[in-house]
Structures are given as C-alpha cells and as structure tokens.
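A.B. asks: Structure in structure tokens, see below.
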Amino acid sequence: MWFRADLRIDDNPAFHHAMTAGPTIAIYALNPKTWQAHHLSTAKISLIVRQLFTLEKSLRKLNVPLFVINTREFKQVPRALQKFIAEKKVTSLYFNHEFEINERQLSRAVQQRLIPNTEIQSFNDQCAIAPGKITTATGDWYKVFTPFKRRYLADFHAQGRRLYTCPKPQAPLAENSDIRALSQFEIAGQWQKLWPAGEQIAHQRLTRFANDTIKDYARLRDFPSEPATSTLSPYLAIGALSTRQCLEAAIAMGGLEAASPANEGAATWVSELIWRDFYRHLIYAFPDLCKHRAFQANTEALPWRHDTALLDAWQQGRTGYPIVDAAMKQLMATGWMHNRLRMITAMFLTKHLFVDWRLGEDFFMRNLVDGDLASNNGGWQWSASTGVDAAPYFRIFNPARQSERFDPDGRFIKTHLPELQALTGKHIHNPTPAQADACGYARAIVEHQEAVAQTKAWFKAVK
C-alpha cells in the first residue's frame, strides 16, 4: 500500500483492497523538496508528519508495518518504489488517485516504471464521485456549480463511491515498521495544540460537529466569532478523513434531502462538500488551473499590480480595514481562516488593491494548515472573477458592510486586533483616520468607492 494524501486506515479504498488481496506492507515517500516547490505551509507539514506517527500506530494494530522513505522530490519516487518493491518481494502495488497535475504525472511515472513486473491497482478516493462520471447532456464538463450540484445529488447513490470499512488485522509479518526518516522534522508545539493529529481526532471532530453544530450551520456559518463551522478542512487536506465519510455524517442528518428547517444545516454543509469535489473535477478536466493560469483567458490581459507595499500591508494585516486585518491576523496565528473571511480578504486584495490573485493564492498556500491546490485555486479565482463560475466582476464586497453584517459587535475584530477594543458601533468596522491614529492602527490604504470604480473599469475593458 502506497500512502499519499490518504493518511488513514478507515474508508481507504486502496488500503481496503490491498488488505483483502493478501499480506500487506505500507510505504510513504517524504518529498520535502517537492513540498517546498508546492509551497506547503509549516503547519500542514507538521500535521502530515504527526499524522504519519499516528498512522504507524494504527497500522501496527493491524500487523501492517509502515516504511517511511525520504525521496526528497517526486521524480525520485518511481525508482525508490521499484527498489523497495524488489527488496521486499512485493507482487502488487495499491494506491489512490490524486488529481493535481504533478501528482497525476507521478502516478503515471510509477506505473511506467513498475509495469509489467508489478501488478498495479489504483482507486478513486478523494472525490465521492470520481471525475468524469458527471458530465452535461452533451458529454462536456460542468463549468457552473449549481447544475453540477443538481446532477451530483441526483447521481450520488448510483455513481458515488462506497464506504470502506476498516480492515481486520492480518497475520503478523516478520517485517517491522521503519519511520526513522521522520526524525528530520521538528514538530512545533503550537501546531500540535491547534491541530492535533490522528484519525480518531478527526472522527471526534466530525461526530461533534454532526451531533451538536450542524443544525445551526446554515444560520451561523458566516459569523467568524461563532464556533459554527466544522474545522475539518485540515484533516480532509491530508486524508486523515474522507469527503465520503463527511457526506455519510451529513446524510444521517438529512443532508441529501430537499432543504427544510429540520435539515437546512446538513443540506448546506453537503453543498460545501460538493464544492470541494467540484474544484477537484475542474483541475482534473483543466490541468492548466494547476499552472497558475486563469480559467477565463481574457482576464490574463488585466493590468494586475505586483505592488510589494500593498501586498505586504495585506499580508501583515495593515490595510486599515479591520475585518480584513483581523482575518489576516487569524491566518498567521492559527494557520487557518474562516471561509467567509477567505472570500472577503481575497476580494479585497484583488478588487480593492488590484494585486494579482496568484500572489494571494500563493500566500494562502504558504500559510494555511489546510492548503489544498484545488480548493485554494478555486476560491481565489472565484473571488478574482477569473475562474469557472466566478463571482461577476462587478460584485465586489464592501469590507465595512461585510463586517457590520457578519461581525456586528466586532467580537472577532477585537479578538485579533486588541488595539481597537475602545471602538464601538460602526467605528469598529470603519475607523476614521483620527480614531485609527489614536488606537495606533493603520489608516485605510485605499478608498473603497474609488478602488471599486477603477476595478470595474479595468474588467469592463477586457470584457
């Protein structure tokens, strides 16, 4: 079993089939050079490494030894796997598909290296419905979310992948785990406290969310001061939990049924999970999305700025717009940002400062514990109005109004910008220059109406 971004033993298609086929050993290839090239955050790397420690313990209970090897980068993996397979006298390699372009190329390279001497078995895991199984009546890929979702829900029981139970322990093998390669990583205590590793932890969070929080999800999910979201995205990003498992929890709460007051929260969460699959289907169908290309080619002609002063102010939470700055402070402190705030901050960078969306996408990947190419790219291109089913270019969030609506008392803002504690009412959302100076807070670096007018003019020109 070749583990990749599927670091769990429960509901793991490849692992289940491997264990069913016969005596199994497991391998994971560390690729720190590729991680760096893919801009993985230290928070995410920490979670991956800690998850591997817990995975080894889980596998040990099943009498499956785990071998962690350091290949440094993707291009070294095929040869290293070939060598490992020869040494261990392996007859079959099992793994789950990944959909990013480099990961797909790696899968092909491994297959080409090993065939015909080794049997290859690969499976769909990341998407509850595999890319290619949902198309329009003319056989095209869906490029708009709502009809994709409608078809997804209609076809789920027929096309969705099954849930896989955790395999039973196999007979003990002579082999023992070797995870010494993990010793090269220093595990920062802050990430362990914020994002503890373990499949059990992920399931506990899922169960707690489904039992206690999901009923209010539709009503409260946009309010960042409320603990109303699942915070499961880091565990989904490394495969400690599957989308299919999340859907199963939502189904139990009526999430696939027509929305009603009784199941509105579950149905809304199902919609968010489908967005996750939608973005994966898109990077599979349009691999140029993995190459920092805008889906709407005409938007490549936009005069995006690469102003380091503006970018620095946004990154450091010094824009003078409290909801934006508090969100950026949350990201830097926790490695995570509330979803409503991801939209607000992304739209501010691209529509107010007119800084190239790719710079924001990159910054998020470098700092998010749940950094995920498909979802991150999809979110940024939605906000920048350059992608599939993106927000219309003339739809531009007013940060102060968003703040008034979703953080009315300024609780979230004051948590991350304590210098604004003295401000009340509308001033917490939009301080005057004098108030900002008195609080030691940054003045607004751009005027909302002027910035919006200029952005609309640039977009209208390329349209």
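Residues in the structure tokens are named by chain (A, B, ... in the order shown) and by number from 1 within that chain; ligands are numbered from 1 in the order shown.
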What's around Lys215 (chain A) at 12 Å? Count only C-alpha atoms, leave out sequence neighbours fewer than 2 positions away in its own chain, and write the answer as a list in words.

C.D. replies: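 My reading of the contact set: Arg208, Phe209, Ala210, Asn211, Asp212, Thr213, Tyr217, Ala218, Arg219, Leu220, Arg221, Ala228, Thr229, Ser230, Ala250, Met253, Gly254, Gly255, Ala259, Ser260, Pro261, Ala262, Asn263, Glu264, Gly265, Ala266, Ala267, Thr268 and Trp269 of chain A.
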
A.B. asks: I need the chosen residues saved as a compact mmCIF listing (two decimals), in the first residue's frame, with N, CA, C and O atoms.

C.D. replies:
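The file below, selection_10.txt, is the result:
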```txt
# COMPACT_ATOMS: atom_id res chain seq x y z
N ARG A 208 -18.73 15.43 16.70
CA ARG A 208 -19.18 16.57 17.50
C ARG A 208 -19.91 17.59 16.61
O ARG A 208 -20.96 18.13 17.00
N PHE A 209 -19.36 17.83 15.43
CA PHE A 209 -20.00 18.78 14.51
C PHE A 209 -21.37 18.27 14.08
O PHE A 209 -22.36 19.02 14.10
N ALA A 210 -21.44 17.00 13.70
CA ALA A 210 -22.71 16.43 13.22
C ALA A 210 -23.77 16.40 14.32
O ALA A 210 -24.96 16.64 14.05
N ASN A 211 -23.35 16.12 15.54
CA ASN A 211 -24.31 15.98 16.63
C ASN A 211 -24.72 17.31 17.25
O ASN A 211 -25.87 17.47 17.69
N ASP A 212 -23.78 18.26 17.30
CA ASP A 212 -24.03 19.48 18.08
C ASP A 212 -24.14 20.77 17.27
O ASP A 212 -24.84 21.69 17.68
N THR A 213 -23.45 20.84 16.14
CA THR A 213 -23.27 22.13 15.47
C THR A 213 -23.99 22.23 14.14
O THR A 213 -24.44 23.31 13.76
N TYR A 217 -25.67 25.29 11.27
CA TYR A 217 -24.62 25.63 10.31
C TYR A 217 -25.09 26.67 9.29
O TYR A 217 -24.38 27.65 9.01
N ALA A 218 -26.26 26.47 8.70
CA ALA A 218 -26.76 27.40 7.68
C ALA A 218 -26.94 28.81 8.25
O ALA A 218 -26.67 29.80 7.57
N ARG A 219 -27.37 28.89 9.49
CA ARG A 219 -27.67 30.19 10.11
C ARG A 219 -26.43 30.92 10.60
O ARG A 219 -26.37 32.16 10.54
N LEU A 220 -25.43 30.16 11.08
CA LEU A 220 -24.30 30.80 11.76
C LEU A 220 -22.96 30.69 11.05
O LEU A 220 -21.98 31.28 11.49
N ARG A 221 -22.89 29.93 9.96
CA ARG A 221 -21.58 29.62 9.37
C ARG A 221 -20.82 30.84 8.86
O ARG A 221 -19.60 30.80 8.72
N ALA A 228 -19.17 27.79 14.49
CA ALA A 228 -20.27 27.17 13.74
C ALA A 228 -19.80 26.33 12.56
O ALA A 228 -20.62 25.69 11.90
N THR A 229 -18.50 26.32 12.27
CA THR A 229 -18.01 25.53 11.14
C THR A 229 -17.35 24.25 11.66
O THR A 229 -17.05 24.13 12.85
N SER A 230 -17.09 23.33 10.75
CA SER A 230 -16.60 22.02 11.18
C SER A 230 -15.12 22.01 11.53
O SER A 230 -14.67 21.17 12.31
N ALA A 250 -23.44 13.71 7.11
CA ALA A 250 -24.47 14.67 6.71
C ALA A 250 -25.74 13.97 6.24
O ALA A 250 -26.85 14.43 6.50
N MET A 253 -28.08 13.13 8.83
CA MET A 253 -28.84 14.28 9.32
C MET A 253 -29.77 14.85 8.25
O MET A 253 -30.26 15.96 8.37
N GLY A 254 -30.00 14.08 7.18
CA GLY A 254 -30.92 14.51 6.13
C GLY A 254 -30.30 15.43 5.11
O GLY A 254 -31.02 16.16 4.40
N GLY A 255 -28.99 15.41 4.98
CA GLY A 255 -28.30 16.37 4.12
C GLY A 255 -28.54 16.21 2.64
O GLY A 255 -28.33 17.16 1.89
N ALA A 259 -33.94 20.76 1.20
CA ALA A 259 -33.72 21.55 2.41
C ALA A 259 -35.04 21.92 3.08
O ALA A 259 -36.01 22.30 2.42
N SER A 260 -35.06 21.78 4.40
CA SER A 260 -36.21 22.16 5.21
C SER A 260 -35.66 22.71 6.52
O SER A 260 -34.47 22.59 6.80
N PRO A 261 -36.49 23.32 7.35
CA PRO A 261 -35.97 23.82 8.63
C PRO A 261 -35.26 22.75 9.45
O PRO A 261 -34.33 23.04 10.19
N ALA A 262 -35.69 21.50 9.29
CA ALA A 262 -35.12 20.42 10.11
C ALA A 262 -33.72 20.01 9.65
O ALA A 262 -32.92 19.55 10.45
N ASN A 263 -33.43 20.16 8.36
CA ASN A 263 -32.14 19.66 7.84
C ASN A 263 -31.35 20.72 7.08
O ASN A 263 -30.41 20.40 6.36
N GLU A 264 -31.73 21.97 7.25
CA GLU A 264 -31.10 23.04 6.48
C GLU A 264 -29.60 23.09 6.69
O GLU A 264 -28.82 23.29 5.75
N GLY A 265 -29.16 22.90 7.93
CA GLY A 265 -27.73 22.94 8.22
C GLY A 265 -26.98 21.84 7.50
O GLY A 265 -25.94 22.06 6.88
N ALA A 266 -27.51 20.60 7.56
CA ALA A 266 -26.85 19.47 6.91
C ALA A 266 -26.84 19.65 5.40
O ALA A 266 -25.84 19.36 4.74
N ALA A 267 -27.95 20.12 4.83
CA ALA A 267 -28.02 20.33 3.37
C ALA A 267 -27.03 21.40 2.93
O ALA A 267 -26.41 21.28 1.86
N THR A 268 -26.87 22.43 3.73
CA THR A 268 -25.91 23.49 3.39
C THR A 268 -24.49 22.98 3.45
O THR A 268 -23.65 23.31 2.60
N TRP A 269 -24.20 22.13 4.45
CA TRP A 269 -22.85 21.57 4.55
C TRP A 269 -22.56 20.62 3.39
O TRP A 269 -21.45 20.61 2.86
```

A.B. asks: Pick out the residues sitting within 10 Å of Arg4 (chain A), and hand them over as a PyMOL selection string; count only C-alpha atoms, and ignore anything fewer than 3 positions along from it in its own chain.

C.D. replies: chain A and resi 1+7-8+27-30+95-98+103+238-239

A.B. asks: Within 7 Å of region 85-91 of chain A, counting only C-alpha atoms, which residues show up once you throw out same-chain ones fewer than 2 positions away? Write them as a ChimeraX atom specification, please.

C.D. replies: /A:81-83,118-119

A.B. asks: What's the 7 Å shell around Trp380 (chain A), counting only C-alpha atoms, without same-chain residues fewer than 5 positions away, as a PyMOL selection string?

C.D. replies: chain A and resi 346+357+361

A.B. asks: Output the selection as a PDB file, in the first residue's frame - N, CA, C and O atoms for each residue.

C.D. replies:
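Generated file (again26.pdb):
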```pdb
ATOM      1  N   ALA A 346      -9.685  37.814   0.036  1.00  0.00           N
ATOM      2  CA  ALA A 346      -9.277  37.582  -1.352  1.00  0.00           C
ATOM      3  C   ALA A 346      -9.860  38.643  -2.267  1.00  0.00           C
ATOM      4  O   ALA A 346      -9.172  39.162  -3.164  1.00  0.00           O
ATOM      5  N   TRP A 357      -4.141  37.961  -8.275  1.00  0.00           N
ATOM      6  CA  TRP A 357      -4.715  36.915  -7.424  1.00  0.00           C
ATOM      7  C   TRP A 357      -3.727  35.789  -7.142  1.00  0.00           C
ATOM      8  O   TRP A 357      -3.798  35.143  -6.095  1.00  0.00           O
ATOM      9  N   GLU A 361      -3.098  33.727  -3.725  1.00  0.00           N
ATOM     10  CA  GLU A 361      -3.217  32.271  -3.707  1.00  0.00           C
ATOM     11  C   GLU A 361      -1.949  31.645  -3.126  1.00  0.00           C
ATOM     12  O   GLU A 361      -2.008  30.730  -2.297  1.00  0.00           O
TER      13      GLU A 361
END
```

A.B. asks: Would you please work out which residue, of A:Phe145, A:Phe53, A:Trp458, A:Tyr164, is nearest to Phe394 (chain A) when using only C-alpha atoms?

C.D. replies: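 Smallest distance to Phe394 (chain A) is found for A:Trp458.
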
A.B. asks: My list of candidates is A:Ile283, A:Asn124, A:Asn63, A:Ile251. Which is closest to His157 (chain A) when distances are computed with only C-alpha atoms?

C.D. replies: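 Residue with the minimum atom-to-atom distance to His157 (chain A): A:Ile251.
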
A.B. asks: Just give me the gap between CA of Asp222 (chain A) and CA of Ala391 (chain A) in Å, one decimal is fine.

C.D. replies: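 Separation of CA of Asp222 (chain A) and CA of Ala391 (chain A): 17.4 Å.
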
A.B. asks: Which residues are close to region 36-42 of chain A, i.e. within 10 Å by only C-alpha atoms, leaving aside same-chain residues fewer than 4 positions away? Reply as a PDB file with C-alpha atoms, in the first residue's frame.

C.D. replies:
```
ATOM      1  CA  ASN A  31       9.211  14.725  -0.560  1.00  0.00           C
ATOM      2  CA  PRO A  32      10.339  17.875   1.269  1.00  0.00           C
ATOM      3  CA  SER A  46       3.722  19.413  10.809  1.00  0.00           C
ATOM      4  CA  LEU A  47       0.262  17.865  10.590  1.00  0.00           C
ATOM      5  CA  ILE A  48       1.369  15.396   7.898  1.00  0.00           C
ATOM      6  CA  GLU A  73      11.102  15.013  -4.552  1.00  0.00           C
ATOM      7  CA  ASN A 102       2.232  16.844 -10.798  1.00  0.00           C
ATOM      8  CA  ILE A 187       7.414  19.321  15.392  1.00  0.00           C
ATOM      9  CA  ALA A 188       6.321  22.781  16.511  1.00  0.00           C
ATOM     10  CA  TRP A 191       0.542  23.264  15.676  1.00  0.00           C
ATOM     11  CA  GLY A 335      -2.775  28.570  10.108  1.00  0.00           C
ATOM     12  CA  ASP A 362       0.476  31.615  -3.077  1.00  0.00           C
ATOM     13  CA  PHE A 363       0.449  33.376   0.300  1.00  0.00           C
ATOM     14  CA  PHE A 364      -2.514  31.332   1.465  1.00  0.00           C
ATOM     15  CA  MET A 365      -0.851  28.063   0.408  1.00  0.00           C
ATOM     16  CA  ARG A 366       2.313  29.000   2.279  1.00  0.00           C
ATOM     17  CA  ASN A 367       0.389  29.644   5.499  1.00  0.00           C
ATOM     18  CA  LEU A 368      -2.769  27.504   5.559  1.00  0.00           C
ATOM     19  CA  VAL A 369      -2.774  24.258   7.520  1.00  0.00           C
ATOM     20  CA  ASP A 370      -5.499  23.080   5.113  1.00  0.00           C
ATOM     21  CA  GLY A 371      -3.698  24.294   1.996  1.00  0.00           C
ATOM     22  CA  ASP A 372      -5.224  22.436  -0.942  1.00  0.00           C
ATOM     23  CA  LEU A 373      -4.468  23.351  -4.546  1.00  0.00           C
TER      24      LEU A 373
END
```

A.B. asks: Extract, using only C-alpha atoms, all DNA, RNA and protein residues at most 10 Å from Leu302 (chain A), discarding same-chain residues fewer than 3 positions from it, and format them as an mmCIF file with N, CA, C and O atoms, in the first residue's frame.

C.D. replies:
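Contents of part-v6.cif, as written:
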```cif
data_model
loop_
_atom_site.group_PDB
_atom_site.id
_atom_site.type_symbol
_atom_site.label_atom_id
_atom_site.label_comp_id
_atom_site.auth_asym_id
_atom_site.auth_seq_id
_atom_site.Cartn_x
_atom_site.Cartn_y
_atom_site.Cartn_z
ATOM 1 N N ASN A 298 -9.383 35.735 -21.150
ATOM 2 C CA ASN A 298 -9.345 37.181 -21.402
ATOM 3 C C ASN A 298 -8.888 37.964 -20.184
ATOM 4 O O ASN A 298 -8.333 39.062 -20.317
ATOM 5 N N THR A 299 -9.075 37.395 -18.975
ATOM 6 C CA THR A 299 -8.666 38.124 -17.769
ATOM 7 C C THR A 299 -7.142 38.141 -17.589
ATOM 8 O O THR A 299 -6.642 38.880 -16.738
ATOM 9 N N ARG A 305 -1.652 44.406 -10.517
ATOM 10 C CA ARG A 305 -0.491 45.021 -9.868
ATOM 11 C C ARG A 305 0.372 43.941 -9.203
ATOM 12 O O ARG A 305 -0.119 42.907 -8.780
ATOM 13 N N PHE A 354 -6.207 45.526 -6.340
ATOM 14 C CA PHE A 354 -5.955 45.036 -7.699
ATOM 15 C C PHE A 354 -4.590 44.365 -7.819
ATOM 16 O O PHE A 354 -3.891 44.463 -8.824
ATOM 17 N N ASP A 356 -2.397 40.989 -8.163
ATOM 18 C CA ASP A 356 -2.583 39.720 -8.874
ATOM 19 C C ASP A 356 -3.038 38.623 -7.920
ATOM 20 O O ASP A 356 -2.397 38.358 -6.896
ATOM 21 N N THR A 386 -11.923 35.409 -12.247
ATOM 22 C CA THR A 386 -11.130 34.908 -13.370
ATOM 23 C C THR A 386 -11.417 33.435 -13.665
ATOM 24 O O THR A 386 -10.901 32.893 -14.639
ATOM 25 N N THR A 455 -11.520 49.187 -10.607
ATOM 26 C CA THR A 455 -11.533 47.745 -10.902
ATOM 27 C C THR A 455 -12.606 47.417 -11.933
ATOM 28 O O THR A 455 -12.358 46.658 -12.883
ATOM 29 N N TRP A 458 -11.432 48.420 -15.410
ATOM 30 C CA TRP A 458 -10.439 47.507 -15.994
ATOM 31 C C TRP A 458 -11.091 46.217 -16.478
ATOM 32 O O TRP A 458 -10.784 45.727 -17.561
ATOM 33 N N PHE A 459 -11.998 45.676 -15.678
ATOM 34 C CA PHE A 459 -12.670 44.447 -16.088
ATOM 35 C C PHE A 459 -13.561 44.691 -17.319
ATOM 36 O O PHE A 459 -13.597 43.864 -18.232
ATOM 37 N N LYS A 460 -14.262 45.818 -17.317
ATOM 38 C CA LYS A 460 -15.138 46.110 -18.450
ATOM 39 C C LYS A 460 -14.338 46.225 -19.741
ATOM 40 O O LYS A 460 -14.792 45.803 -20.804
ATOM 41 N N ALA A 461 -13.120 46.740 -19.625
ATOM 42 C CA ALA A 461 -12.266 46.899 -20.808
ATOM 43 C C ALA A 461 -11.894 45.556 -21.431
ATOM 44 O O ALA A 461 -11.873 45.414 -22.662
ATOM 45 N N VAL A 462 -11.601 44.552 -20.594
ATOM 46 C CA VAL A 462 -11.211 43.239 -21.147
ATOM 47 C C VAL A 462 -12.426 42.397 -21.510
ATOM 48 O O VAL A 462 -12.299 41.425 -22.260
ATOM 49 N N LYS A 463 -13.585 42.754 -20.978
ATOM 50 C CA LYS A 463 -14.800 42.017 -21.314
ATOM 51 C C LYS A 463 -15.267 42.383 -22.724
ATOM 52 O O LYS A 463 -16.050 41.676 -23.321
#
```

A.B. asks: From a DSSP pass on the backbone, collect the residues of region 27-156 of chain A flagged as helix (DSSP H, G or I) and hand them back as a ChimeraX atom specification.

C.D. replies: /A:32-37,42-61,74-88,101-114,145-156

A.B. asks: Using only C-alpha atoms, which residue out of A:Gln421, A:Thr54, A:Gln105, A:Gln315 lies closest to Ala438 (chain A)?

C.D. replies: A:Gln421

A.B. asks: Which one is closest to Ser233 (chain A): A:Leu353, A:Leu206, A:Val68, A:Ala26? Count only C-alpha atoms.

C.D. replies: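 Smallest distance to Ser233 (chain A) is found for A:Leu206.
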
A.B. asks: What's the separation between CA of Pro418 (chain A) and CA of Gln192 (chain A), in Å to one decimal place?

C.D. replies: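 Rounded to one decimal, the two atoms are 25.3 Å apart.
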
A.B. asks: Let me make sure I understand: among A:Gly425, A:Pro172, A:Gly198, A:Pro147, which one has the smallest atom-to-atom distance to Arg50 (chain A) if we use only C-alpha atoms?

C.D. replies: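 Between A:Gly425, A:Pro172, A:Gly198, A:Pro147, the residue approaching Arg50 (chain A) most closely is A:Gly198.
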
A.B. asks: I'd like to know which of A:Lys143, A:Lys456, A:Arg162, A:His429 is closest to Gln296 (chain A), using only C-alpha atoms.

C.D. replies: A:Lys143

A.B. asks: May I have a table of the residues of region 53-109 of chain A lying at most 7 Å from region 174-182 of chain A, giving each one's closest pair of atoms and their distance in Å to one decimal, counting only C-alpha atoms, ordered by chain and ascending residue number, as CSV?

C.D. replies:
```
residue,atom,partner,partner_atom,distance
A:Pro65,CA,A:Ser177,CA,4.3
A:Leu66,CA,A:Ser177,CA,4.6
A:Phe67,CA,A:Asp178,CA,4.8
A:Val68,CA,A:Ile179,CA,4.9
A:Ile69,CA,A:Ala181,CA,6.1
A:Asn70,CA,A:Ala181,CA,6.2
```

A.B. asks: Can you spit out the residues from that selection as a tab-separated table (two decimals), in the first residue's frame, using all heavy atoms?

C.D. replies:
```
chain	number	residue	atom	x	y	z
A	65	PRO	N	3.30	-3.27	8.79
A	65	PRO	CA	4.44	-2.38	9.02
A	65	PRO	C	4.42	-1.20	8.05
A	65	PRO	O	4.03	-1.35	6.89
A	65	PRO	CB	5.65	-3.27	8.77
A	65	PRO	CG	5.15	-4.33	7.84
A	65	PRO	CD	3.71	-4.55	8.18
A	66	LEU	N	4.81	-0.05	8.52
A	66	LEU	CA	4.90	1.16	7.69
A	66	LEU	C	6.37	1.53	7.51
A	66	LEU	O	7.12	1.65	8.48
A	66	LEU	CB	4.15	2.32	8.34
A	66	LEU	CG	4.31	3.69	7.66
A	66	LEU	CD1	3.73	3.68	6.25
A	66	LEU	CD2	3.67	4.80	8.51
A	67	PHE	N	6.75	1.75	6.27
A	67	PHE	CA	8.10	2.19	5.93
A	67	PHE	C	8.02	3.61	5.37
A	67	PHE	O	7.31	3.85	4.39
A	67	PHE	CB	8.74	1.25	4.91
A	67	PHE	CG	8.90	-0.15	5.40
A	67	PHE	CD1	7.86	-1.07	5.29
A	67	PHE	CD2	10.09	-0.57	5.99
A	67	PHE	CE1	8.00	-2.37	5.75
A	67	PHE	CE2	10.24	-1.86	6.46
A	67	PHE	CZ	9.19	-2.76	6.34
A	68	VAL	N	8.71	4.54	6.01
A	68	VAL	CA	8.77	5.92	5.53
A	68	VAL	C	10.14	6.13	4.92
A	68	VAL	O	11.16	5.95	5.58
A	68	VAL	CB	8.51	6.93	6.66
A	68	VAL	CG1	8.66	8.35	6.14
A	68	VAL	CG2	7.12	6.72	7.26
A	69	ILE	N	10.17	6.48	3.64
A	69	ILE	CA	11.44	6.71	2.94
A	69	ILE	C	11.54	8.16	2.54
A	69	ILE	O	10.53	8.84	2.33
A	69	ILE	CB	11.56	5.80	1.70
A	69	ILE	CG1	10.42	6.07	0.71
A	69	ILE	CG2	11.58	4.33	2.10
A	69	ILE	CD1	10.57	5.33	-0.62
A	70	ASN	N	12.76	8.66	2.44
A	70	ASN	CA	12.97	10.06	2.07
A	70	ASN	C	13.44	10.11	0.63
A	70	ASN	O	14.61	9.90	0.32
A	70	ASN	CB	14.00	10.70	3.00
A	70	ASN	CG	14.11	12.21	2.75
A	70	ASN	OD1	13.37	12.78	1.96
A	70	ASN	ND2	15.04	12.84	3.44
```
